[in-house]
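As stored in work_34.pdb (PDB, C-alpha atoms):
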```
ATOM      1  CA  MET A   1      -2.995  -7.549   6.912  1.00  0.00           C
ATOM      2  CA  GLY A   2      -3.376  -9.032   3.430  1.00  0.00           C
ATOM      3  CA  THR A   3      -1.540 -12.193   4.397  1.00  0.00           C
ATOM      4  CA  ALA A   4      -3.716 -12.518   7.518  1.00  0.00           C
ATOM      5  CA  LEU A   5      -6.706 -12.520   5.156  1.00  0.00           C
ATOM      6  CA  GLY A   6      -5.117 -15.333   3.142  1.00  0.00           C
ATOM      7  CA  ALA A   7      -3.859 -13.208   0.250  1.00  0.00           C
ATOM      8  CA  ARG A   8      -0.572 -13.824  -1.530  1.00  0.00           C
ATOM      9  CA  VAL A   9       0.938 -10.355  -1.246  1.00  0.00           C
ATOM     10  CA  ILE A  10       3.340  -8.933  -3.817  1.00  0.00           C
ATOM     11  CA  ALA A  11       4.767  -5.688  -2.432  1.00  0.00           C
ATOM     12  CA  VAL A  12       6.109  -3.021  -4.785  1.00  0.00           C
ATOM     13  CA  ASP A  13       8.118  -0.094  -3.447  1.00  0.00           C
ATOM     14  CA  ILE A  14      11.137   2.013  -4.390  1.00  0.00           C
ATOM     15  CA  GLU A  15      12.530   1.870  -0.837  1.00  0.00           C
ATOM     16  CA  ASN A  16      14.312  -1.354   0.097  1.00  0.00           C
ATOM     17  CA  SER A  17      13.689  -0.730   3.812  1.00  0.00           C
ATOM     18  CA  ARG A  18       9.922  -0.783   3.182  1.00  0.00           C
ATOM     19  CA  LEU A  19      10.272  -3.930   1.080  1.00  0.00           C
ATOM     20  CA  ALA A  20      12.134  -5.575   3.981  1.00  0.00           C
ATOM     21  CA  ALA A  21       9.249  -4.605   6.275  1.00  0.00           C
ATOM     22  CA  ALA A  22       6.778  -6.077   3.770  1.00  0.00           C
ATOM     23  CA  ARG A  23       8.684  -9.383   3.837  1.00  0.00           C
ATOM     24  CA  LYS A  24       8.670  -9.287   7.643  1.00  0.00           C
ATOM     25  CA  PHE A  25       4.881  -8.911   7.537  1.00  0.00           C
ATOM     26  CA  GLY A  26       4.506 -11.864   5.173  1.00  0.00           C
ATOM     27  CA  ALA A  27       4.780 -10.604   1.603  1.00  0.00           C
ATOM     28  CA  ALA A  28       5.361 -13.577  -0.703  1.00  0.00           C
ATOM     29  CA  ALA A  29       7.436 -11.439  -3.079  1.00  0.00           C
ATOM     30  CA  THR A  30       8.850  -7.929  -3.226  1.00  0.00           C
ATOM     31  CA  ILE A  31       9.690  -5.791  -6.235  1.00  0.00           C
ATOM     32  CA  ASN A  32      11.728  -2.606  -6.414  1.00  0.00           C
ATOM     33  CA  PRO A  33      10.792  -0.839  -9.691  1.00  0.00           C
ATOM     34  CA  ARG A  34      14.153   0.936  -9.641  1.00  0.00           C
ATOM     35  CA  GLU A  35      15.749  -2.489 -10.124  1.00  0.00           C
ATOM     36  CA  LEU A  36      13.339  -4.213 -12.528  1.00  0.00           C
ATOM     37  CA  ASP A  37      10.121  -3.607 -14.419  1.00  0.00           C
ATOM     38  CA  ALA A  38       7.340  -3.996 -11.838  1.00  0.00           C
ATOM     39  CA  VAL A  39       4.619  -4.840 -14.365  1.00  0.00           C
ATOM     40  CA  ASP A  40       6.677  -7.589 -16.011  1.00  0.00           C
ATOM     41  CA  ALA A  41       7.676  -8.963 -12.604  1.00  0.00           C
ATOM     42  CA  VAL A  42       4.068  -9.122 -11.364  1.00  0.00           C
ATOM     43  CA  TYR A  43       2.929 -10.876 -14.535  1.00  0.00           C
ATOM     44  CA  GLU A  44       5.772 -13.360 -14.162  1.00  0.00           C
ATOM     45  CA  LEU A  45       4.854 -14.001 -10.525  1.00  0.00           C
ATOM     46  CA  THR A  46       1.190 -14.534 -11.452  1.00  0.00           C
ATOM     47  CA  GLY A  47       1.784 -16.882 -14.363  1.00  0.00           C
ATOM     48  CA  GLY A  48       0.943 -14.175 -16.902  1.00  0.00           C
ATOM     49  CA  ARG A  49      -2.519 -13.486 -15.457  1.00  0.00           C
ATOM     50  CA  GLY A  50      -1.923 -10.306 -13.500  1.00  0.00           C
ATOM     51  CA  THR A  51      -3.257  -9.746 -10.036  1.00  0.00           C
ATOM     52  CA  PRO A  52      -6.946  -9.746  -9.099  1.00  0.00           C
ATOM     53  CA  LEU A  53      -6.485  -6.969  -6.526  1.00  0.00           C
ATOM     54  CA  ALA A  54      -4.154  -4.008  -6.138  1.00  0.00           C
ATOM     55  CA  LEU A  55      -3.802  -1.398  -3.411  1.00  0.00           C
ATOM     56  CA  GLU A  56      -1.952   1.816  -4.269  1.00  0.00           C
ATOM     57  CA  THR A  57      -0.883   3.862  -1.262  1.00  0.00           C
ATOM     58  CA  SER A  58       1.691   6.386  -2.503  1.00  0.00           C
ATOM     59  CA  GLY A  59      -0.390   8.868  -4.451  1.00  0.00           C
ATOM     60  CA  ALA A  60       2.200   8.973  -7.245  1.00  0.00           C
ATOM     61  CA  THR A  61       1.055   8.835 -10.877  1.00  0.00           C
ATOM     62  CA  ILE A  62       3.626   6.215 -11.878  1.00  0.00           C
ATOM     63  CA  ALA A  63       2.522   3.952  -9.002  1.00  0.00           C
ATOM     64  CA  ALA A  64      -1.159   4.465  -9.831  1.00  0.00           C
ATOM     65  CA  GLN A  65      -0.517   3.531 -13.459  1.00  0.00           C
ATOM     66  CA  THR A  66       1.482   0.475 -12.360  1.00  0.00           C
ATOM     67  CA  ALA A  67      -1.357  -0.639 -10.068  1.00  0.00           C
ATOM     68  CA  GLN A  68      -3.719  -0.460 -13.020  1.00  0.00           C
ATOM     69  CA  ASP A  69      -1.251  -2.133 -15.402  1.00  0.00           C
ATOM     70  CA  VAL A  70      -0.782  -5.210 -13.183  1.00  0.00           C
ATOM     71  CA  LEU A  71      -4.494  -5.957 -12.845  1.00  0.00           C
ATOM     72  CA  ALA A  72      -5.925  -9.093 -14.371  1.00  0.00           C
ATOM     73  CA  THR A  73      -9.110  -8.921 -16.392  1.00  0.00           C
ATOM     74  CA  TRP A  74     -11.977  -8.125 -13.995  1.00  0.00           C
ATOM     75  CA  GLY A  75      -9.382  -6.992 -11.420  1.00  0.00           C
ATOM     76  CA  ARG A  76     -10.021  -4.363  -8.784  1.00  0.00           C
ATOM     77  CA  ALA A  77      -7.684  -1.612  -7.602  1.00  0.00           C
ATOM     78  CA  CYS A  78      -8.118   0.748  -4.680  1.00  0.00           C
ATOM     79  CA  PHE A  79      -6.206   4.023  -4.572  1.00  0.00           C
ATOM     80  CA  ILE A  80      -5.709   5.476  -1.097  1.00  0.00           C
ATOM     81  CA  GLY A  81      -2.477   7.424  -1.464  1.00  0.00           C
ATOM     82  CA  LEU A  82      -2.595  11.152  -1.377  1.00  0.00           C
ATOM     83  CA  GLY A  83       0.288  12.950  -2.972  1.00  0.00           C
ATOM     84  CA  SER A  84      -0.372  15.293  -5.791  1.00  0.00           C
ATOM     85  CA  GLU A  85      -2.703  15.078  -8.744  1.00  0.00           C
ATOM     86  CA  VAL A  86      -2.699  11.513 -10.070  1.00  0.00           C
ATOM     87  CA  SER A  87      -3.543  10.589 -13.636  1.00  0.00           C
ATOM     88  CA  PHE A  88      -3.554   7.343 -15.560  1.00  0.00           C
ATOM     89  CA  SER A  89      -5.034   5.814 -18.690  1.00  0.00           C
ATOM     90  CA  THR A  90      -8.639   4.699 -18.347  1.00  0.00           C
ATOM     91  CA  ALA A  91      -8.744   2.980 -21.761  1.00  0.00           C
ATOM     92  CA  GLN A  92      -7.323  -0.194 -20.219  1.00  0.00           C
ATOM     93  CA  SER A  93     -10.074  -0.324 -17.619  1.00  0.00           C
ATOM     94  CA  TYR A  94     -12.693  -0.542 -20.376  1.00  0.00           C
ATOM     95  CA  LYS A  95     -10.866  -3.279 -22.257  1.00  0.00           C
ATOM     96  CA  ARG A  96     -10.110  -5.413 -19.190  1.00  0.00           C
ATOM     97  CA  GLN A  97     -13.308  -4.683 -17.224  1.00  0.00           C
ATOM     98  CA  MET A  98     -11.423  -3.281 -14.216  1.00  0.00           C
ATOM     99  CA  THR A  99     -12.993  -1.727 -11.166  1.00  0.00           C
ATOM    100  CA  LEU A 100     -11.068   1.291  -9.891  1.00  0.00           C
ATOM    101  CA  LEU A 101     -11.928   2.556  -6.413  1.00  0.00           C
ATOM    102  CA  THR A 102     -10.738   5.290  -4.104  1.00  0.00           C
ATOM    103  CA  SER A 103     -10.954   5.458  -0.350  1.00  0.00           C
ATOM    104  CA  TRP A 104     -10.369   8.342   1.998  1.00  0.00           C
ATOM    105  CA  THR A 105     -11.225   6.847   5.368  1.00  0.00           C
ATOM    106  CA  LEU A 106     -13.119   4.063   7.079  1.00  0.00           C
ATOM    107  CA  SER A 107     -16.435   4.483   8.829  1.00  0.00           C
ATOM    108  CA  ILE A 108     -16.477   3.942  12.577  1.00  0.00           C
ATOM    109  CA  VAL A 109     -18.049   0.521  11.955  1.00  0.00           C
ATOM    110  CA  GLU A 110     -15.268  -0.479   9.553  1.00  0.00           C
ATOM    111  CA  GLN A 111     -12.593   0.877  11.909  1.00  0.00           C
ATOM    112  CA  LYS A 112     -13.988  -1.354  14.649  1.00  0.00           C
ATOM    113  CA  ARG A 113     -14.057  -4.369  12.319  1.00  0.00           C
ATOM    114  CA  CYS A 114     -10.417  -3.691  11.448  1.00  0.00           C
ATOM    115  CA  ALA A 115      -9.412  -3.275  15.091  1.00  0.00           C
ATOM    116  CA  ASP A 116     -11.271  -6.465  16.035  1.00  0.00           C
ATOM    117  CA  PHE A 117      -9.569  -8.356  13.200  1.00  0.00           C
ATOM    118  CA  ILE A 118      -6.153  -7.221  14.429  1.00  0.00           C
ATOM    119  CA  ALA A 119      -6.932  -8.021  18.064  1.00  0.00           C
ATOM    120  CA  ASP A 120      -8.541 -11.415  17.317  1.00  0.00           C
ATOM    121  CA  ARG A 121      -5.461 -12.546  15.378  1.00  0.00           C
ATOM    122  CA  ASN A 122      -2.959 -10.859  17.680  1.00  0.00           C
ATOM    123  CA  LEU A 123      -1.344  -9.183  14.664  1.00  0.00           C
ATOM    124  CA  PRO A 124       1.901  -7.303  15.475  1.00  0.00           C
ATOM    125  CA  ILE A 125       0.493  -3.881  14.616  1.00  0.00           C
ATOM    126  CA  ASP A 126       3.011  -2.082  16.834  1.00  0.00           C
ATOM    127  CA  ASP A 127       5.767  -3.383  14.567  1.00  0.00           C
ATOM    128  CA  LEU A 128       4.478  -1.108  11.804  1.00  0.00           C
ATOM    129  CA  TYR A 129       5.817   1.895  13.685  1.00  0.00           C
ATOM    130  CA  SER A 130       9.540   2.428  13.416  1.00  0.00           C
ATOM    131  CA  ASN A 131       9.586   5.752  15.257  1.00  0.00           C
ATOM    132  CA  SER A 132       7.620   7.530  17.962  1.00  0.00           C
ATOM    133  CA  TRP A 133       7.677  11.082  19.266  1.00  0.00           C
ATOM    134  CA  ALA A 134       6.208  13.175  22.029  1.00  0.00           C
ATOM    135  CA  LEU A 135       4.102  16.077  20.834  1.00  0.00           C
ATOM    136  CA  ASP A 136       6.908  18.452  21.845  1.00  0.00           C
ATOM    137  CA  ASP A 137       9.075  16.799  19.169  1.00  0.00           C
ATOM    138  CA  ALA A 138       6.648  17.582  16.339  1.00  0.00           C
ATOM    139  CA  ILE A 139       9.165  19.576  14.280  1.00  0.00           C
ATOM    140  CA  ALA A 140      11.678  16.717  14.236  1.00  0.00           C
ATOM    141  CA  ALA A 141       8.880  14.248  13.539  1.00  0.00           C
ATOM    142  CA  TYR A 142       7.584  16.161  10.535  1.00  0.00           C
ATOM    143  CA  GLU A 143      11.104  16.553   9.154  1.00  0.00           C
ATOM    144  CA  TRP A 144      11.410  12.752   9.385  1.00  0.00           C
ATOM    145  CA  PHE A 145       7.930  12.197   7.866  1.00  0.00           C
ATOM    146  CA  ASP A 146       8.857  14.476   4.958  1.00  0.00           C
ATOM    147  CA  LYS A 147      11.706  12.148   3.924  1.00  0.00           C
ATOM    148  CA  GLN A 148       9.321   9.188   3.521  1.00  0.00           C
ATOM    149  CA  SER A 149      12.264   6.822   3.469  1.00  0.00           C
ATOM    150  CA  GLU A 150      11.234   4.218   6.040  1.00  0.00           C
ATOM    151  CA  GLY A 151       8.548   2.888   8.323  1.00  0.00           C
ATOM    152  CA  LYS A 152       5.724   4.775   9.936  1.00  0.00           C
ATOM    153  CA  GLY A 153       5.763   7.163  12.833  1.00  0.00           C
ATOM    154  CA  VAL A 154       3.344   7.876  15.631  1.00  0.00           C
ATOM    155  CA  PHE A 155       2.898  10.569  18.231  1.00  0.00           C
ATOM    156  CA  ILE A 156       2.596   9.245  21.773  1.00  0.00           C
ATOM    157  CA  PHE A 157       0.598  11.362  24.215  1.00  0.00           C
TER
END
```
Before anything else, please render the file you have as structure tokens.
Amino acid sequence: MGTALGARVIAVDIENSRLAAARKFGAAATINPRELDAVDAVYELTGGRGTPLALETSGATIAAQTAQDVLATWGRACFIGLGSEVSFSTAQSYKRQMTLLTSWTLSIVEQKRCADFIADRNLPIDDLYSNSWALDDAIAAYEWFDKQSEGKGVFIF
């Protein structure tokens, strides 16, 4: 979606399969922090400036801190991942004038705007889902979800 909005997306993930999916969806660059320092790599890719926007979706403290660390001065980060308790240093946000946001869900109005955006641009949203299950297969589905090793899944009714 970021590339459809004109953004230059730099995807960071510890799973190479998700990085491959990010490239498929238009990410300009991908970084696996198990292979190299994500903060250094982002600064290199942005000419030393950092990124103006970051979206953190994992809910992991190390990822939340990385999202904050890669922000440029006056940058904005949104944290939507839910995992466990997340903590990070707020001292940097004062020094670099960051805006840190959280989001739990979209309003019905924003959901419609998102759906319209996808439909108007004929974005391949179905390609996000690597697996689908019938409701009767819920146990197998949740065992797969628990691994969090690839793609997204959906129940089909």
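A straight line drawn from atom CA of A:Tyr94 to atom CA of A:Val39 is 18.8 Å long.
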**OP:** One decimal, Å: what's the distance from atom CA of A:Ser107 over to atom CA of A:Leu123, could you say?
**Re:**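 About the pair atom CA of A:Ser107 and atom CA of A:Leu123: they are 21.2 Å apart.
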Using only C-alpha atoms, which residues sit within 8 Å of A:Thr3 once same-chain residues fewer than 2 positions away are excluded, as a list in words?
->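 Returned residues: Met1, Leu5, Gly6, Ala7, Arg8, Val9, Phe25, Gly26 and Ala27 of chain A.
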Please produce a file of those selected residues containing C-alpha atoms, as a PDB file, in the coordinates of the input.
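Now in out_8.pdb:
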```
ATOM      1  CA  MET A   1      -2.995  -7.549   6.912  1.00  0.00           C
ATOM      2  CA  LEU A   5      -6.706 -12.520   5.156  1.00  0.00           C
ATOM      3  CA  GLY A   6      -5.117 -15.333   3.142  1.00  0.00           C
ATOM      4  CA  ALA A   7      -3.859 -13.208   0.250  1.00  0.00           C
ATOM      5  CA  ARG A   8      -0.572 -13.824  -1.530  1.00  0.00           C
ATOM      6  CA  VAL A   9       0.938 -10.355  -1.246  1.00  0.00           C
ATOM      7  CA  PHE A  25       4.881  -8.911   7.537  1.00  0.00           C
ATOM      8  CA  GLY A  26       4.506 -11.864   5.173  1.00  0.00           C
ATOM      9  CA  ALA A  27       4.780 -10.604   1.603  1.00  0.00           C
TER      10      ALA A  27
END
```
Selection dump of the PyMOL selection byres ((chain A and resi 98) around 9), as a list in words: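 On the file shown, the PyMOL selection byres ((chain A and resi 98) around 9) covers Gln68, Leu71, Ala72, Thr73, Trp74, Gly75, Arg76, Ala77, Gln92, Ser93, Tyr94, Lys95, Arg96, Gln97, Thr99 and Leu100 of chain A.
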Would you give the centre and edge lengths, in Å to one decimal, of a box along x, y and z around the listed atoms of stretch 90-108 of chain A, with 4 Å added to each side, as AutoDock Vina command-line options?
```
--center_x -11.9 --center_y 1.5 --center_z -4.8 --size_x 17.2 --size_y 21.8 --size_z 42.8
```
Fill in: Nearby residues (only C-alpha atoms) at most 12 Å from A:Glu35, same-chain spacing under 5 positions excluded, as a ChimeraX atom specification
/A:12-16,30,40-41
Notebook entry, point to check: On this structure, which residues satisfy the PyMOL selection byres ((chain A and resi 49-63) around 8), written as a ChimeraX atom specification?
Noted result: /A:42-43,46-48,64-68,70-88
Calculate how many Å separate atom CA of A:Ser17 from atom CA of A:Ala134, rounding to one decimal.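 About the pair atom CA of A:Ser17 and atom CA of A:Ala134: they are 24.1 Å apart.
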message = With distances taken over all atoms listed in the file, which residue among A:Asp146, A:Ser103, A:Ala138, A:Ala4 lies nearest A:Asn122?
response =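 Closest to A:Asn122, using all atoms listed in the file: A:Ala4.
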Near A:Ser132, within 8 Å and counting all atoms listed in the file, which residues show up once chain neighbours fewer than 4 positions away are dropped, as a PDB file with C-alpha atoms, keeping the file's coordinate frame?
```
ATOM      1  CA  GLY A 153       5.763   7.163  12.833  1.00  0.00           C
ATOM      2  CA  VAL A 154       3.344   7.876  15.631  1.00  0.00           C
ATOM      3  CA  PHE A 155       2.898  10.569  18.231  1.00  0.00           C
ATOM      4  CA  ILE A 156       2.596   9.245  21.773  1.00  0.00           C
TER       5      ILE A 156
END
```
- Item | Using all atoms listed in the file: which of A:Asn32, A:Lys152, A:Ala141, A:Trp104 has the shortest distance to A:Asp126 |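 Among A:Asn32, A:Lys152, A:Ala141, A:Trp104, it is A:Lys152 that comes nearest to A:Asp126.
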Using the partial input, fill out stretch 58-69 of chain A with all heavy atoms; write the result as a PDB file, in the coordinates of the input.
```
ATOM      1  N   SER A  58       0.718   5.288  -2.455  1.00  0.00           N
ATOM      2  CA  SER A  58       1.691   6.386  -2.503  1.00  0.00           C
ATOM      3  C   SER A  58       1.111   7.703  -3.002  1.00  0.00           C
ATOM      4  O   SER A  58       1.597   8.771  -2.635  1.00  0.00           O
ATOM      5  CB  SER A  58       2.879   5.998  -3.390  1.00  0.00           C
ATOM      6  OG  SER A  58       2.513   6.051  -4.757  1.00  0.00           O
ATOM      7  N   GLY A  59       0.130   7.647  -3.861  1.00  0.00           N
ATOM      8  CA  GLY A  59      -0.390   8.868  -4.451  1.00  0.00           C
ATOM      9  C   GLY A  59       0.468   9.407  -5.575  1.00  0.00           C
ATOM     10  O   GLY A  59       0.340  10.554  -5.974  1.00  0.00           O
ATOM     11  N   ALA A  60       1.336   8.573  -6.126  1.00  0.00           N
ATOM     12  CA  ALA A  60       2.200   8.973  -7.245  1.00  0.00           C
ATOM     13  C   ALA A  60       1.624   8.429  -8.552  1.00  0.00           C
ATOM     14  O   ALA A  60       1.182   7.278  -8.609  1.00  0.00           O
ATOM     15  CB  ALA A  60       3.612   8.434  -7.037  1.00  0.00           C
ATOM     16  N   THR A  61       1.629   9.243  -9.598  1.00  0.00           N
ATOM     17  CA  THR A  61       1.055   8.835 -10.877  1.00  0.00           C
ATOM     18  C   THR A  61       1.670   7.543 -11.390  1.00  0.00           C
ATOM     19  O   THR A  61       0.946   6.648 -11.830  1.00  0.00           O
ATOM     20  CB  THR A  61       1.212   9.968 -11.918  1.00  0.00           C
ATOM     21  OG1 THR A  61       0.362  11.048 -11.524  1.00  0.00           O
ATOM     22  CG2 THR A  61       0.828   9.515 -13.312  1.00  0.00           C
ATOM     23  N   ILE A  62       2.986   7.414 -11.344  1.00  0.00           N
ATOM     24  CA  ILE A  62       3.626   6.215 -11.878  1.00  0.00           C
ATOM     25  C   ILE A  62       3.180   4.963 -11.106  1.00  0.00           C
ATOM     26  O   ILE A  62       2.955   3.907 -11.679  1.00  0.00           O
ATOM     27  CB  ILE A  62       5.159   6.340 -11.922  1.00  0.00           C
ATOM     28  CG1 ILE A  62       5.753   5.197 -12.736  1.00  0.00           C
ATOM     29  CG2 ILE A  62       5.751   6.405 -10.520  1.00  0.00           C
ATOM     30  CD1 ILE A  62       7.189   5.419 -13.147  1.00  0.00           C
ATOM     31  N   ALA A  63       2.990   5.086  -9.802  1.00  0.00           N
ATOM     32  CA  ALA A  63       2.522   3.952  -9.002  1.00  0.00           C
ATOM     33  C   ALA A  63       1.059   3.641  -9.303  1.00  0.00           C
ATOM     34  O   ALA A  63       0.663   2.472  -9.375  1.00  0.00           O
ATOM     35  CB  ALA A  63       2.722   4.238  -7.521  1.00  0.00           C
ATOM     36  N   ALA A  64       0.249   4.674  -9.487  1.00  0.00           N
ATOM     37  CA  ALA A  64      -1.159   4.465  -9.831  1.00  0.00           C
ATOM     38  C   ALA A  64      -1.281   3.758 -11.179  1.00  0.00           C
ATOM     39  O   ALA A  64      -2.083   2.831 -11.337  1.00  0.00           O
ATOM     40  CB  ALA A  64      -1.904   5.797  -9.849  1.00  0.00           C
ATOM     41  N   GLN A  65      -0.475   4.177 -12.144  1.00  0.00           N
ATOM     42  CA  GLN A  65      -0.517   3.531 -13.459  1.00  0.00           C
ATOM     43  C   GLN A  65      -0.050   2.081 -13.349  1.00  0.00           C
ATOM     44  O   GLN A  65      -0.628   1.186 -13.952  1.00  0.00           O
ATOM     45  CB  GLN A  65       0.348   4.293 -14.466  1.00  0.00           C
ATOM     46  CG  GLN A  65       0.254   3.742 -15.880  1.00  0.00           C
ATOM     47  CD  GLN A  65      -1.145   3.905 -16.463  1.00  0.00           C
ATOM     48  OE1 GLN A  65      -1.651   5.016 -16.565  1.00  0.00           O
ATOM     49  NE2 GLN A  65      -1.770   2.802 -16.837  1.00  0.00           N
ATOM     50  N   THR A  66       0.986   1.839 -12.551  1.00  0.00           N
ATOM     51  CA  THR A  66       1.482   0.475 -12.360  1.00  0.00           C
ATOM     52  C   THR A  66       0.411  -0.391 -11.721  1.00  0.00           C
ATOM     53  O   THR A  66       0.200  -1.538 -12.139  1.00  0.00           O
ATOM     54  CB  THR A  66       2.764   0.475 -11.509  1.00  0.00           C
ATOM     55  OG1 THR A  66       3.771   1.221 -12.202  1.00  0.00           O
ATOM     56  CG2 THR A  66       3.269  -0.933 -11.254  1.00  0.00           C
ATOM     57  N   ALA A  67      -0.286   0.129 -10.718  1.00  0.00           N
ATOM     58  CA  ALA A  67      -1.357  -0.639 -10.068  1.00  0.00           C
ATOM     59  C   ALA A  67      -2.419  -1.034 -11.083  1.00  0.00           C
ATOM     60  O   ALA A  67      -2.925  -2.160 -11.064  1.00  0.00           O
ATOM     61  CB  ALA A  67      -1.980   0.169  -8.932  1.00  0.00           C
ATOM     62  N   GLN A  68      -2.740  -0.148 -11.974  1.00  0.00           N
ATOM     63  CA  GLN A  68      -3.719  -0.460 -13.020  1.00  0.00           C
ATOM     64  C   GLN A  68      -3.131  -1.458 -14.019  1.00  0.00           C
ATOM     65  O   GLN A  68      -3.792  -2.413 -14.420  1.00  0.00           O
ATOM     66  CB  GLN A  68      -4.149   0.814 -13.740  1.00  0.00           C
ATOM     67  CG  GLN A  68      -5.223   0.569 -14.776  1.00  0.00           C
ATOM     68  CD  GLN A  68      -5.606   1.834 -15.529  1.00  0.00           C
ATOM     69  OE1 GLN A  68      -5.062   2.913 -15.277  1.00  0.00           O
ATOM     70  NE2 GLN A  68      -6.525   1.715 -16.448  1.00  0.00           N
ATOM     71  N   ASP A  69      -1.880  -1.279 -14.386  1.00  0.00           N
ATOM     72  CA  ASP A  69      -1.251  -2.133 -15.402  1.00  0.00           C
ATOM     73  C   ASP A  69      -1.094  -3.586 -14.959  1.00  0.00           C
ATOM     74  O   ASP A  69      -1.036  -4.476 -15.795  1.00  0.00           O
ATOM     75  CB  ASP A  69       0.129  -1.576 -15.781  1.00  0.00           C
ATOM     76  CG  ASP A  69       0.046  -0.278 -16.567  1.00  0.00           C
ATOM     77  OD1 ASP A  69      -1.046   0.082 -17.045  1.00  0.00           O
ATOM     78  OD2 ASP A  69       1.096   0.389 -16.677  1.00  0.00           O
TER      79      ASP A  69
END
```
